[in-house]
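Participant: Input upload_32.csv, format and content: CSV, C-alpha atoms.
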chain,number,residue,atom,x,y,z
A,1277,MET,CA,28.1,-4.9,11.2
A,1278,ASN,CA,27.5,-8.7,11.1
A,1279,ARG,CA,24.3,-9.5,9.4
A,1280,ASN,CA,22.1,-12.6,9.8
A,1281,ILE,CA,21.8,-14.7,6.7
A,1282,ILE,CA,19.4,-17.7,6.7
A,1283,LEU,CA,20.5,-20.6,4.6
A,1284,LEU,CA,17.6,-22.9,3.6
A,1285,ALA,CA,19.2,-26.3,2.8
A,1286,SER,CA,18.3,-29.9,2.3
A,1287,LEU,CA,21.0,-31.4,4.5
A,1288,ASP,CA,19.9,-35.0,3.7
A,1289,THR,CA,21.3,-34.6,0.2
A,1290,LYS,CA,23.3,-31.3,0.1
A,1291,ALA,CA,25.2,-31.2,3.4
A,1292,PRO,CA,28.8,-30.6,1.9
A,1293,GLU,CA,27.5,-27.9,-0.4
A,1294,ALA,CA,25.5,-26.2,2.4
A,1295,GLU,CA,28.6,-26.2,4.7
A,1296,PHE,CA,30.7,-24.7,1.9
A,1297,LEU,CA,28.1,-21.9,1.3
A,1298,ARG,CA,27.8,-21.3,5.0
A,1299,ASP,CA,31.6,-21.0,5.4
A,1300,CYS,CA,31.7,-18.5,2.4
A,1301,ILE,CA,29.1,-16.4,4.1
A,1302,VAL,CA,31.0,-16.4,7.4
A,1303,GLU,CA,34.2,-15.6,5.7
A,1304,LEU,CA,32.5,-12.4,4.3
A,1305,GLY,CA,31.9,-11.3,7.9
A,1306,ASP,CA,28.2,-12.3,8.3
A,1307,ARG,CA,26.5,-14.8,10.5
A,1308,CYS,CA,24.8,-17.8,8.9
A,1309,THR,CA,21.9,-19.8,10.4
A,1310,VAL,CA,21.4,-23.1,8.6
A,1311,LEU,CA,17.7,-24.2,8.5
A,1312,ASP,CA,17.3,-27.8,7.3
A,1313,ILE,CA,14.3,-28.3,5.0
A,1314,GLY,CA,15.3,-31.8,4.0
A,1315,TYR,CA,12.8,-34.6,4.6
A,1316,GLY,CA,14.8,-37.6,3.5
A,1317,ARG,CA,17.3,-39.6,5.6
A,1318,PRO,CA,18.7,-38.0,8.8
A,1319,ALA,CA,21.4,-35.5,8.0
A,1320,ASP,CA,25.1,-36.2,8.7
A,1321,VAL,CA,25.7,-32.6,9.8
A,1322,ALA,CA,24.1,-30.5,12.4
A,1323,ALA,CA,21.8,-27.6,11.6
A,1324,ASP,CA,21.0,-24.6,13.7
A,1325,ILE,CA,17.3,-25.2,13.0
A,1326,THR,CA,16.9,-28.9,12.4
A,1327,ALA,CA,14.4,-30.7,10.1
A,1328,ALA,CA,12.8,-32.0,13.3
A,1329,ASP,CA,12.3,-28.4,14.5
A,1330,VAL,CA,10.8,-27.5,11.1
A,1331,ALA,CA,8.4,-30.5,11.1
A,1332,ARG,CA,7.3,-29.7,14.7
A,1333,ALA,CA,6.5,-26.1,13.7
A,1334,ALA,CA,4.2,-27.5,11.0
A,1335,GLY,CA,2.4,-29.5,13.7
A,1336,THR,CA,3.9,-32.9,12.9
A,1337,ASP,CA,7.1,-34.9,13.5
A,1338,ILE,CA,10.0,-35.5,11.1
A,1339,ASP,CA,9.6,-39.3,11.2
A,1340,GLY,CA,6.0,-39.0,10.1
A,1341,VAL,CA,7.1,-36.7,7.3
A,1342,ARG,CA,9.9,-39.0,6.2
A,1343,SER,CA,7.5,-41.9,6.0
A,1344,MET,CA,5.0,-40.2,3.7
A,1345,HIS,CA,4.6,-41.7,0.3
A,1346,ASP,CA,3.2,-38.4,-1.1
A,1347,THR,CA,6.4,-36.3,-1.5
A,1348,GLY,CA,4.3,-33.3,-2.5
A,1349,ALA,CA,2.5,-33.4,0.8
A,1350,ALA,CA,5.8,-33.9,2.7
A,1351,SER,CA,7.3,-30.9,0.9
A,1352,ASN,CA,4.3,-28.7,1.7
A,1353,LEU,CA,4.6,-29.6,5.4
A,1354,MET,CA,8.3,-28.7,5.5
A,1355,MET,CA,7.5,-25.4,3.6
A,1356,GLN,CA,4.9,-24.6,6.2
A,1357,GLY,CA,7.2,-25.3,9.1
A,1358,ALA,CA,10.1,-23.5,7.5
A,1359,THR,CA,7.9,-20.4,6.9
A,1360,ILE,CA,6.9,-20.3,10.6
A,1361,LYS,CA,10.6,-20.6,11.7
A,1362,VAL,CA,11.8,-17.9,9.2
A,1363,HIS,CA,9.1,-15.5,10.4
A,1364,GLU,CA,10.1,-16.1,14.0
A,1365,LEU,CA,13.7,-15.1,13.1
A,1366,LEU,CA,12.4,-12.0,11.2
A,1367,ARG,CA,10.2,-11.0,14.2
A,1368,ASP,CA,13.2,-11.4,16.5
A,1369,GLY,CA,15.5,-9.3,14.4
A,1370,ARG,CA,17.7,-12.2,13.3
A,1371,LEU,CA,17.0,-12.2,9.6
A,1372,ASP,CA,18.7,-9.8,7.1
A,1373,GLY,CA,18.6,-12.1,4.1
A,1374,VAL,CA,17.7,-15.6,2.9
A,1375,VAL,CA,19.6,-17.8,0.5
A,1376,ALA,CA,19.0,-21.4,-0.8
A,1377,PHE,CA,20.3,-23.6,-3.6
A,1378,GLY,CA,19.2,-26.7,-5.5
A,1379,GLY,CA,17.1,-28.1,-8.4
A,1380,ALA,CA,13.4,-28.1,-9.0
A,1381,SER,CA,12.3,-29.6,-5.7
A,1382,ASN,CA,14.5,-27.4,-3.5
A,1383,THR,CA,13.7,-24.4,-5.6
A,1384,THR,CA,10.0,-24.9,-5.2
A,1385,LEU,CA,10.2,-25.4,-1.5
A,1386,ALA,CA,12.7,-22.6,-0.7
A,1387,THR,CA,11.1,-20.0,-2.9
A,1388,GLY,CA,7.7,-20.9,-1.4
A,1389,VAL,CA,9.2,-19.8,1.9
A,1390,MET,CA,10.9,-16.7,0.5
A,1391,LYS,CA,7.7,-15.4,-1.1
A,1392,THR,CA,6.1,-15.1,2.3
A,1393,LEU,CA,8.7,-12.5,3.4
A,1394,PRO,CA,8.0,-8.8,3.0
A,1395,VAL,CA,9.4,-6.8,0.1
A,1396,GLY,CA,12.8,-5.4,0.9
A,1397,ILE,CA,14.2,-8.5,2.6
A,1398,PRO,CA,16.9,-9.9,0.3
A,1399,LYS,CA,16.0,-13.3,-1.1
A,1400,LEU,CA,18.4,-15.3,-3.3
A,1401,MET,CA,17.8,-18.7,-5.0
A,1402,ILE,CA,20.7,-20.4,-6.7
A,1403,SER,CA,18.8,-22.8,-9.0
A,1404,SER,CA,19.6,-25.3,-11.7
A,1405,SER,CA,16.0,-25.1,-12.8
A,1406,ALA,CA,15.8,-21.3,-13.0
A,1407,ALA,CA,15.3,-21.2,-16.8
A,1408,MET,CA,12.6,-23.9,-17.1
A,1409,PRO,CA,9.7,-22.1,-18.7
A,1410,ALA,CA,7.0,-24.1,-17.0
A,1411,TYR,CA,8.4,-23.3,-13.5
A,1412,ALA,CA,10.2,-19.9,-13.6
A,1413,ALA,CA,7.2,-17.6,-13.1
A,1414,ARG,CA,5.9,-19.7,-10.2
A,1415,TYR,CA,9.3,-19.4,-8.4
A,1416,TYR,CA,9.1,-15.6,-8.5
A,1417,GLY,CA,5.5,-15.1,-7.9
A,1418,SER,CA,4.9,-11.4,-7.1
A,1419,LYS,CA,7.8,-10.9,-4.8
A,1420,ASP,CA,11.3,-9.3,-5.1
A,1421,LEU,CA,13.1,-12.6,-5.3
A,1422,THR,CA,16.4,-12.9,-7.1
A,1423,ILE,CA,17.3,-16.2,-8.9
A,1424,MET,CA,20.8,-17.1,-10.0
A,1425,HIS,CA,20.9,-19.6,-12.8
A,1426,ALA,CA,23.3,-22.4,-11.7
A,1427,ILE,CA,23.6,-23.9,-15.3
A,1428,VAL,CA,24.9,-27.2,-13.6
A,1429,ASP,CA,23.4,-29.5,-11.0
A,1430,ILE,CA,24.7,-28.4,-7.6
A,1431,SER,CA,25.7,-31.9,-6.6
A,1432,GLY,CA,29.1,-32.2,-5.1
A,1433,LEU,CA,31.9,-29.7,-4.8
A,1434,ASN,CA,33.8,-29.0,-7.9
A,1435,THR,CA,35.3,-26.0,-9.7
A,1436,ILE,CA,32.0,-24.8,-11.1
A,1437,THR,CA,29.8,-25.5,-8.0
A,1438,LYS,CA,32.3,-23.8,-5.7
A,1439,SER,CA,32.4,-20.8,-7.9
A,1440,LEU,CA,28.6,-20.6,-8.0
A,1441,LEU,CA,28.2,-20.9,-4.2
A,1442,ARG,CA,31.0,-18.5,-3.6
A,1443,ARG,CA,29.4,-15.9,-5.8
A,1444,GLY,CA,26.0,-16.7,-4.2
A,1445,ALA,CA,27.5,-15.9,-0.8
A,1446,GLY,CA,28.8,-12.6,-2.1
A,1447,ALA,CA,25.4,-11.8,-3.7
A,1448,ILE,CA,23.3,-12.4,-0.6
A,1449,CYS,CA,25.8,-10.7,1.8
A,1450,GLY,CA,26.0,-7.7,-0.6
A,1451,MET,CA,22.3,-7.5,-0.8
A,1452,ALA,CA,21.9,-7.7,3.0
A,1453,ALA,CA,24.5,-5.0,3.4
A,1454,SER,CA,22.7,-2.7,0.9
A,1455,SER,CA,19.2,-3.4,2.1
A,1456,GLY,CA,17.4,-1.4,4.7
A,1457,GLY,CA,15.2,-4.4,5.5
A,1458,GLU,CA,11.5,-4.5,5.0
A,1459,ILE,CA,10.3,-1.6,2.9
A,1460,LYS,CA,7.9,0.6,4.9
A,1461,SER,CA,8.5,4.0,3.3
A,1462,LEU,CA,10.7,5.0,0.5
A,1463,THR,CA,10.6,8.8,1.1
A,1464,GLY,CA,9.0,11.2,3.5
A,1465,LYS,CA,6.3,11.7,0.9
A,1466,LYS,CA,3.0,9.8,0.8
A,1467,LEU,CA,3.3,6.9,-1.6
A,1468,VAL,CA,0.7,6.3,-4.3
A,1469,ALA,CA,0.5,3.2,-6.4
A,1470,VAL,CA,-0.1,3.8,-10.2
A,1471,SER,CA,-0.8,0.9,-12.6
A,1472,SER,CA,0.3,1.4,-16.2
A,1473,PHE,CA,1.2,-0.3,-19.5
A,1474,ARG,CA,2.4,0.7,-22.9
A,1475,PHE,CA,-1.0,1.7,-24.2
A,1476,SER,CA,-1.7,4.1,-21.3
A,1477,GLU,CA,1.8,5.5,-21.0
A,1478,ILE,CA,1.0,9.2,-21.8
A,1479,CYS,CA,-1.8,9.2,-19.2
A,1480,SER,CA,0.3,7.4,-16.6
A,1481,GLN,CA,3.2,9.8,-16.9
A,1482,ALA,CA,1.0,12.8,-16.7
A,1483,VAL,CA,-0.7,11.4,-13.6
A,1484,MET,CA,2.6,10.8,-11.9
A,1485,ARG,CA,3.8,14.4,-12.7
A,1486,GLU,CA,0.6,15.9,-11.2
A,1487,LEU,CA,0.9,13.6,-8.1
A,1488,GLU,CA,4.5,14.7,-7.5
A,1489,ALA,CA,3.4,18.4,-7.8
A,1490,LEU,CA,0.9,17.8,-5.0
A,1491,GLY,CA,3.5,16.2,-2.7
A,1492,TYR,CA,2.8,12.6,-3.4
A,1493,SER,CA,5.4,10.0,-4.4
A,1494,PRO,CA,3.9,7.8,-7.2
A,1495,ILE,CA,5.2,4.3,-7.6
A,1496,PRO,CA,4.3,2.8,-11.1
A,1497,PHE,CA,3.5,-0.9,-11.5
A,1498,HIS,CA,3.6,-2.7,-14.9
A,1499,ALA,CA,0.0,-4.0,-15.6
A,1500,GLN,CA,1.0,-7.4,-17.0
A,1501,GLY,CA,-0.5,-9.6,-14.4
A,1502,VAL,CA,2.4,-10.3,-12.1
A,1503,GLY,CA,3.1,-6.6,-11.7
A,1504,GLU,CA,-0.6,-6.1,-10.6
A,1505,ASN,CA,-0.3,-9.0,-8.1
A,1506,ALA,CA,2.8,-7.2,-6.7
A,1507,MET,CA,0.9,-4.0,-6.4
A,1508,GLU,CA,-2.0,-5.8,-4.6
A,1509,ASP,CA,0.5,-7.4,-2.2
A,1510,LEU,CA,2.1,-4.0,-1.3
A,1511,LEU,CA,-1.3,-2.3,-0.9
A,1512,ALA,CA,-2.2,-5.0,1.6
A,1513,GLN,CA,1.2,-4.6,3.3
A,1514,GLY,CA,0.2,-1.0,4.0
A,1515,LEU,CA,3.0,0.7,2.0
A,1516,PHE,CA,0.6,3.1,0.1
A,1517,VAL,CA,-1.8,5.8,1.1
A,1518,GLY,CA,-3.9,5.2,-2.1
A,1519,VAL,CA,-3.9,4.0,-5.7
A,1520,ILE,CA,-4.7,5.4,-9.1
A,1521,ASP,CA,-5.5,2.1,-11.0
A,1522,ILE,CA,-5.3,3.3,-14.6
A,1523,VAL,CA,-5.0,-0.3,-15.9
A,1524,PRO,CA,-6.9,-2.8,-13.8
A,1525,ALA,CA,-7.0,-5.2,-16.8
A,1526,GLY,CA,-5.4,-8.1,-14.9
A,1527,LEU,CA,-9.0,-8.6,-13.7
A,1528,SER,CA,-10.5,-8.9,-17.2
A,1529,GLU,CA,-7.6,-10.9,-18.5
A,1530,GLN,CA,-8.1,-13.4,-15.6
A,1531,MET,CA,-11.8,-13.6,-16.5
A,1532,LEU,CA,-11.3,-14.0,-20.2
A,1533,GLY,CA,-8.1,-16.2,-20.2
A,1534,GLY,CA,-5.7,-13.5,-21.6
A,1535,ASN,CA,-1.9,-13.5,-21.3
A,1536,ARG,CA,-1.8,-10.7,-18.7
A,1537,ALA,CA,-4.1,-12.4,-16.1
A,1538,ALA,CA,-3.7,-11.3,-12.5
A,1539,ARG,CA,-4.9,-13.2,-9.5
A,1540,ALA,CA,-8.6,-13.6,-8.8
A,1541,ASP,CA,-8.3,-11.1,-5.9
A,1542,ARG,CA,-7.4,-8.2,-8.2
A,1543,LEU,CA,-9.1,-4.9,-7.2
A,1544,GLU,CA,-9.6,-6.0,-3.6
A,1545,ALA,CA,-6.5,-5.0,-1.6
A,1546,ALA,CA,-7.1,-1.2,-1.5
A,1547,GLY,CA,-10.7,-1.8,-0.4
A,1548,ARG,CA,-9.6,-4.1,2.5
A,1549,ALA,CA,-6.8,-1.7,3.5
A,1550,GLY,CA,-9.3,1.2,3.7
A,1551,ILE,CA,-7.3,3.5,1.3
A,1552,PRO,CA,-8.7,5.7,-1.5
A,1553,GLN,CA,-8.8,4.2,-5.0
A,1554,VAL,CA,-9.5,5.8,-8.3
A,1555,ILE,CA,-10.0,3.4,-11.2
A,1556,ALA,CA,-9.9,3.8,-15.0
A,1557,PRO,CA,-10.9,1.1,-17.5
A,1558,SER,CA,-7.7,1.0,-19.6
A,1559,GLY,CA,-7.1,-2.5,-20.9
A,1560,PHE,CA,-10.8,-3.6,-20.6
A,1561,ASP,CA,-10.9,-2.8,-24.3
A,1562,MET,CA,-8.7,-5.7,-25.3
A,1563,ILE,CA,-7.7,-9.3,-24.6
A,1564,SER,CA,-3.9,-10.1,-24.8
A,1565,CYS,CA,-3.7,-13.2,-27.0
A,1566,GLY,CA,-0.3,-13.3,-28.7
A,1567,PRO,CA,1.8,-14.5,-30.3
A,1568,ILE,CA,0.0,-14.4,-33.6
A,1569,GLU,CA,1.1,-18.0,-34.4
A,1570,ARG,CA,-1.6,-19.1,-31.9
A,1571,ARG,CA,-4.3,-18.0,-34.4
A,1572,ASP,CA,-3.8,-20.8,-36.8
A,1573,ALA,CA,-2.7,-23.5,-34.3
A,1574,GLY,CA,-6.1,-24.5,-32.9
A,1575,ASP,CA,-5.4,-22.5,-29.7
A,1576,PRO,CA,-8.2,-22.8,-27.2
A,1577,LEU,CA,-8.4,-19.1,-26.4
A,1578,TRP,CA,-8.6,-18.1,-30.1
A,1579,GLU,CA,-11.1,-20.9,-30.9
A,1580,ASN,CA,-13.4,-20.5,-27.9
A,1581,LYS,CA,-13.5,-16.7,-28.1
A,1582,ASN,CA,-13.7,-16.6,-31.9
A,1583,LEU,CA,-10.8,-14.1,-31.9
A,1584,LYS,CA,-10.2,-14.6,-35.6
A,1585,ASP,CA,-13.4,-12.7,-36.3
A,1586,ARG,CA,-12.5,-9.7,-34.1
A,1587,ALA,CA,-10.6,-6.5,-34.7
A,1588,ILE,CA,-7.0,-7.1,-33.6
A,1589,CYS,CA,-3.8,-5.1,-33.2
A,1590,ILE,CA,-0.3,-6.6,-33.5
A,1591,PRO,CA,2.2,-4.3,-31.8
A,1592,ASP,CA,5.0,-6.8,-32.3
A,1593,LYS,CA,5.7,-10.5,-32.8
A,1594,PHE,CA,4.9,-11.4,-29.2
A,1595,ARG,CA,1.9,-9.1,-28.5
A,1596,VAL,CA,-1.5,-9.4,-30.1
A,1597,GLU,CA,-4.5,-7.6,-28.7
A,1598,ALA,CA,-8.1,-8.6,-29.7
A,1599,ARG,CA,-11.1,-6.3,-29.1
A,1600,THR,CA,-13.4,-7.2,-26.3
A,1601,THR,CA,-17.1,-7.8,-27.2
A,1602,ALA,CA,-20.1,-6.0,-25.7
A,1603,GLY,CA,-21.0,-9.0,-23.6
A,1604,GLU,CA,-17.5,-9.2,-22.2
A,1605,VAL,CA,-17.4,-5.5,-21.4
A,1606,ARG,CA,-20.7,-5.8,-19.6
A,1607,ASP,CA,-19.4,-8.8,-17.6
A,1608,ILE,CA,-16.2,-6.9,-16.7
A,1609,ALA,CA,-18.2,-3.9,-15.5
A,1610,ARG,CA,-20.3,-6.2,-13.2
A,1611,SER,CA,-17.2,-7.8,-11.9
A,1612,VAL,CA,-15.6,-4.4,-11.1
A,1613,ALA,CA,-18.8,-3.4,-9.4
A,1614,ALA,CA,-18.9,-6.5,-7.3
A,1615,LYS,CA,-15.3,-5.9,-6.1
A,1616,LEU,CA,-15.9,-2.2,-5.3
A,1617,ASN,CA,-19.2,-3.0,-3.5
A,1618,GLN,CA,-17.1,-4.8,-0.9
A,1619,SER,CA,-14.7,-1.9,-0.5
A,1620,GLU,CA,-14.2,-0.3,2.9
A,1621,SER,CA,-12.6,2.7,1.4
A,1622,PRO,CA,-13.7,5.6,-0.8
A,1623,ALA,CA,-13.6,4.6,-4.5
A,1624,CYS,CA,-14.4,6.3,-7.8
A,1625,ILE,CA,-14.4,5.0,-11.4
A,1626,VAL,CA,-13.4,7.6,-14.0
A,1627,VAL,CA,-14.2,6.7,-17.6
A,1628,PRO,CA,-12.9,8.5,-20.7
A,1629,THR,CA,-15.5,8.7,-23.5
A,1630,GLY,CA,-12.9,9.1,-26.2
A,1631,GLY,CA,-11.1,5.7,-25.9
A,1632,TRP,CA,-9.6,3.7,-23.1
A,1633,SER,CA,-6.1,3.2,-24.5
A,1634,SER,CA,-4.0,4.2,-27.5
A,1635,LEU,CA,-5.4,1.2,-29.3
A,1636,SER,CA,-9.1,2.2,-29.0
A,1637,VAL,CA,-9.1,5.9,-29.9
A,1638,ALA,CA,-10.6,7.1,-33.2
A,1639,GLY,CA,-8.6,5.7,-36.1
A,1640,ALA,CA,-6.9,3.0,-34.0
A,1641,ASP,CA,-7.3,-0.7,-34.6
A,1642,LEU,CA,-9.6,-1.4,-31.6
A,1643,TYR,CA,-11.7,1.7,-31.9
A,1644,ALA,CA,-15.3,0.7,-31.1
A,1645,PRO,CA,-17.2,3.4,-29.1
A,1646,GLU,CA,-20.4,1.4,-29.3
A,1647,LEU,CA,-18.7,-1.3,-27.2
A,1648,ASP,CA,-17.1,1.1,-24.7
A,1649,ALA,CA,-20.6,2.6,-24.2
A,1650,VAL,CA,-21.9,-0.6,-22.6
A,1651,PHE,CA,-19.5,-0.2,-19.6
A,1652,VAL,CA,-21.0,2.7,-17.7
A,1653,PRO,CA,-24.6,1.6,-17.7
A,1654,ALA,CA,-23.6,-1.9,-16.6
A,1655,LEU,CA,-21.5,-0.4,-13.8
A,1656,ARG,CA,-24.3,1.8,-12.6
A,1657,GLU,CA,-26.8,-1.0,-12.6
A,1658,SER,CA,-24.5,-3.1,-10.3
A,1659,LEU,CA,-22.8,-0.6,-8.1
A,1660,GLU,CA,-24.2,0.2,-4.6
A,1661,PRO,CA,-24.6,3.8,-3.6
A,1662,GLY,CA,-21.4,5.5,-2.5
A,1663,VAL,CA,-19.2,4.4,-5.4
A,1664,GLU,CA,-19.1,7.3,-7.8
A,1665,VAL,CA,-18.8,6.9,-11.6
A,1666,VAL,CA,-17.5,9.9,-13.5
A,1667,GLU,CA,-17.4,10.3,-17.3
A,1668,VAL,CA,-14.8,12.6,-18.9
A,1669,ASP,CA,-15.2,13.8,-22.5
A,1670,ALA,CA,-11.6,13.0,-23.5
A,1671,GLU,CA,-9.4,10.1,-24.5
A,1672,LEU,CA,-7.5,8.3,-21.8
A,1673,ASN,CA,-4.1,9.4,-23.0
A,1674,SER,CA,-4.7,13.1,-22.5
A,1675,GLN,CA,-3.8,15.8,-20.0
A,1676,VAL,CA,-7.5,16.4,-19.4
A,1677,PHE,CA,-8.2,12.9,-18.4
A,1678,ALA,CA,-5.0,12.6,-16.3
A,1679,HIS,CA,-5.9,15.7,-14.5
A,1680,ALA,CA,-9.4,14.4,-13.8
A,1681,LEU,CA,-7.9,11.2,-12.2
A,1682,VAL,CA,-5.6,13.1,-9.9
A,1683,GLU,CA,-8.2,15.7,-9.0
A,1684,LYS,CA,-10.6,13.0,-8.0
A,1685,PHE,CA,-7.9,11.1,-6.1
A,1686,HIS,CA,-6.8,14.2,-4.2
A,1687,GLU,CA,-10.5,14.9,-3.3
A,1688,LEU,CA,-10.9,11.3,-1.9
A,1689,MET,CA,-7.7,11.7,0.1
A,1690,ALA,CA,-9.1,14.9,1.7
A,1691,VAL,CA,-12.3,13.1,2.6
A,1692,SER,CA,-10.6,10.1,4.0
A,1693,SER,CA,-8.0,11.9,6.1
Now, as a test, write the supplied structure out as structure tokens.
Facilitator:
Amino acid sequence: MNRNIILLASLDTKAPEAEFLRDCIVELGDRCTVLDIGYGRPADVAADITAADVARAAGTDIDGVRSMHDTGAASNLMMQGATIKVHELLRDGRLDGVVAFGGASNTTLATGVMKTLPVGIPKLMISSSAAMPAYAARYYGSKDLTIMHAIVDISGLNTITKSLLRRGAGAICGMAASSGGEIKSLTGKKLVAVSSFRFSEICSQAVMRELEALGYSPIPFHAQGVGENAMEDLLAQGLFVGVIDIVPAGLSEQMLGGNRAARADRLEAAGRAGIPQVIAPSGFDMISCGPIERRDAGDPLWENKNLKDRAICIPDKFRVEARTTAGEVRDIARSVAAKLNQSESPACIVVPTGGWSSLSVAGADLYAPELDAVFVPALRESLEPGVEVVEVDAELNSQVFAHALVEKFHELMAVSS
């Protein structure tokens, strides 16, 4: 079966390299559609979808884009136009994978287009700026994008660049051959999203076992910010029937400036999608503020939040967790309530009274039941009728609490079906 690979290329500067990659893809038995995202001088080679086509899709013309002094604005226009053209190809069944190559500028533009495609569509970026710390996370975003580190500038065809592009062709063709396309369902079971991190692991694993016993298919997401963003995206995409959000702490990290911050729309996708959500407060008991070297380096988070004066836990040299204050816990509760008050789906917050993570149970470094106790009253003051709050006399990492989460979720599923 010949598959349709879309090659995003700046033909104004990378035409020979693009032709070589296109030919490698064709030699492997797939079709290759070249989409020109370049906005410099006119290209010397023809594209299947020209830069003029791309600019027109963005509501402008290529001459106007080329005359712009603001290259950032020009790049954004080409990104908009390329996104529209790529989605037209996807809608028409003519897109089985997307590949691009280049440095920082091309990587930013091409990955910006790729990130708009659904999970399951193969996306490969061959980039010489893949390892730049300031950029790498932005390239990936919260999508299943693969980046191949080029190690050299892909400028001209030589032994190394030919090898890179040839391997890139093999990678995207292989991914397209192995992919079933956009992920809509992984099994015949009902998919349930479950957020988790190291300090809720016992609870999360018990929840997933109970869900499986009830006929659900749990899909865990690592609650470290980006993983939570990915979960929100897939909830919005309609992949899941519900969510047990054990660790919604990307919300509090975003509010307080911690390392695991999610987007500002955390805790909103399930409510908009109209699917049941059960939420626990794991992670609201801490701010991720590592590494420890930041403590004595005048770091703004450490200084502004007076973290030196708080209880802290140091799991390893990269991770440092500082205890949240009563005021912060109260603000977090109000923010959670504001999100759930907008929900169009059944929701319940289940709170363990014996500690919200392995770090805040009796004897642990962040144990502070008087701070945890602020949460539920603040929730109830702010929540509208219809959103239930349940307290469970157990610690989060216990079979009792895990069972309470699943039992409540199953109850909401029955009500919503």
Participant: Residues within 12 Å of Ser1381 in chain A, please, as a PDB file with C-alpha atoms, keeping the file's coordinate frame. Count all atoms listed in the file; anything in the same chain fewer than 3 positions from it doesn't count.
Facilitator:
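Dumped to selection_29.pdb:
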ATOM      1  CA  ALA A1285      19.200 -26.300   2.800  1.00  0.00           C
ATOM      2  CA  SER A1286      18.300 -29.900   2.300  1.00  0.00           C
ATOM      3  CA  THR A1289      21.300 -34.600   0.200  1.00  0.00           C
ATOM      4  CA  ILE A1313      14.300 -28.300   5.000  1.00  0.00           C
ATOM      5  CA  GLY A1314      15.300 -31.800   4.000  1.00  0.00           C
ATOM      6  CA  TYR A1315      12.800 -34.600   4.600  1.00  0.00           C
ATOM      7  CA  THR A1347       6.400 -36.300  -1.500  1.00  0.00           C
ATOM      8  CA  GLY A1348       4.300 -33.300  -2.500  1.00  0.00           C
ATOM      9  CA  ALA A1350       5.800 -33.900   2.700  1.00  0.00           C
ATOM     10  CA  SER A1351       7.300 -30.900   0.900  1.00  0.00           C
ATOM     11  CA  ASN A1352       4.300 -28.700   1.700  1.00  0.00           C
ATOM     12  CA  MET A1354       8.300 -28.700   5.500  1.00  0.00           C
ATOM     13  CA  MET A1355       7.500 -25.400   3.600  1.00  0.00           C
ATOM     14  CA  ALA A1376      19.000 -21.400  -0.800  1.00  0.00           C
ATOM     15  CA  PHE A1377      20.300 -23.600  -3.600  1.00  0.00           C
ATOM     16  CA  GLY A1378      19.200 -26.700  -5.500  1.00  0.00           C
ATOM     17  CA  THR A1384      10.000 -24.900  -5.200  1.00  0.00           C
ATOM     18  CA  LEU A1385      10.200 -25.400  -1.500  1.00  0.00           C
ATOM     19  CA  ALA A1386      12.700 -22.600  -0.700  1.00  0.00           C
ATOM     20  CA  THR A1387      11.100 -20.000  -2.900  1.00  0.00           C
ATOM     21  CA  GLY A1388       7.700 -20.900  -1.400  1.00  0.00           C
ATOM     22  CA  SER A1403      18.800 -22.800  -9.000  1.00  0.00           C
ATOM     23  CA  SER A1404      19.600 -25.300 -11.700  1.00  0.00           C
ATOM     24  CA  SER A1405      16.000 -25.100 -12.800  1.00  0.00           C
ATOM     25  CA  ALA A1406      15.800 -21.300 -13.000  1.00  0.00           C
ATOM     26  CA  TYR A1411       8.400 -23.300 -13.500  1.00  0.00           C
ATOM     27  CA  TYR A1415       9.300 -19.400  -8.400  1.00  0.00           C
TER      28      TYR A1415
END
Participant: Tell me, as a PyMOL selection string, which residues lie within 6 Å of range 1492-1497 of chain A, counting all atoms listed in the file; anything in the same chain fewer than 2 positions away does not count.
Facilitator: chain A and resi 1465-1471+1484+1487-1488+1490+1503
Participant: With only C-alpha atoms as the basis for distance, which of A:Gly1335, A:Pro1576, A:Gly1432, A:Gly1446 is at the shortest distance from Ala1291 in chain A?
Facilitator: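 The answer is A:Gly1432, which sits nearest to Ala1291 in chain A.
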Participant: Write out as a list in words which residues come within 10 Å of Glu1529 in chain A when counting all atoms listed in the file, dropping same-chain ones fewer than 2 positions away.
Facilitator: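 Selected residues are Gln1500, Gly1501, Pro1524, Ala1525, Gly1526, Leu1527, Met1531, Leu1532, Gly1533, Gly1534, Asn1535, Arg1536, Ala1537, Ala1538, Arg1539, Gly1559, Phe1560, Met1562, Ile1563, Ser1564, Cys1565 and Ile1608 of chain A.
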Participant: Restricting the calculation to all atoms listed in the file, which member of A:Leu1393, A:Cys1449, A:Val1302, A:Leu1284 is positioned closest to Thr1326 in chain A?
Facilitator: A:Leu1284
Participant: Taking all atoms listed in the file into account, which of A:Arg1443, A:Ile1402, A:Gly1379, A:Val1395 comes nearest His1425 in chain A?
Facilitator: A:Ile1402
Participant: Which one is closest to Ser1658 in chain A: A:Ala1333, A:Val1483, A:Leu1400, A:Ala1614? Count only C-alpha atoms.
Facilitator: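 Of A:Ala1333, A:Val1483, A:Leu1400, A:Ala1614, the one nearest Ser1658 in chain A, counting only C-alpha atoms, is A:Ala1614.
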Participant: Report, in Å with one decimal, the straight-line distance from CA of Val1665 in chain A to CA of Cys1624 in chain A.
Facilitator: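 Distance between the two atoms: 5.8 Å.
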Participant: List the neighbours of Asp1306 in chain A out to 12 Å using all atoms listed in the file; skip same-chain residues closer than 6 positions along the sequence, and give me the result as a PyMOL selection string.
Facilitator: chain A and resi 1277-1283+1297-1300+1370-1373+1445-1446+1448-1453
Participant: Quick check, in Å to one decimal: how far apart do CA of Asn1582 in chain A and CA of Ala1649 in chain A lie?
Facilitator: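 One can read the CA of Asn1582 in chain A to CA of Ala1649 in chain A distance as 21.8 Å.
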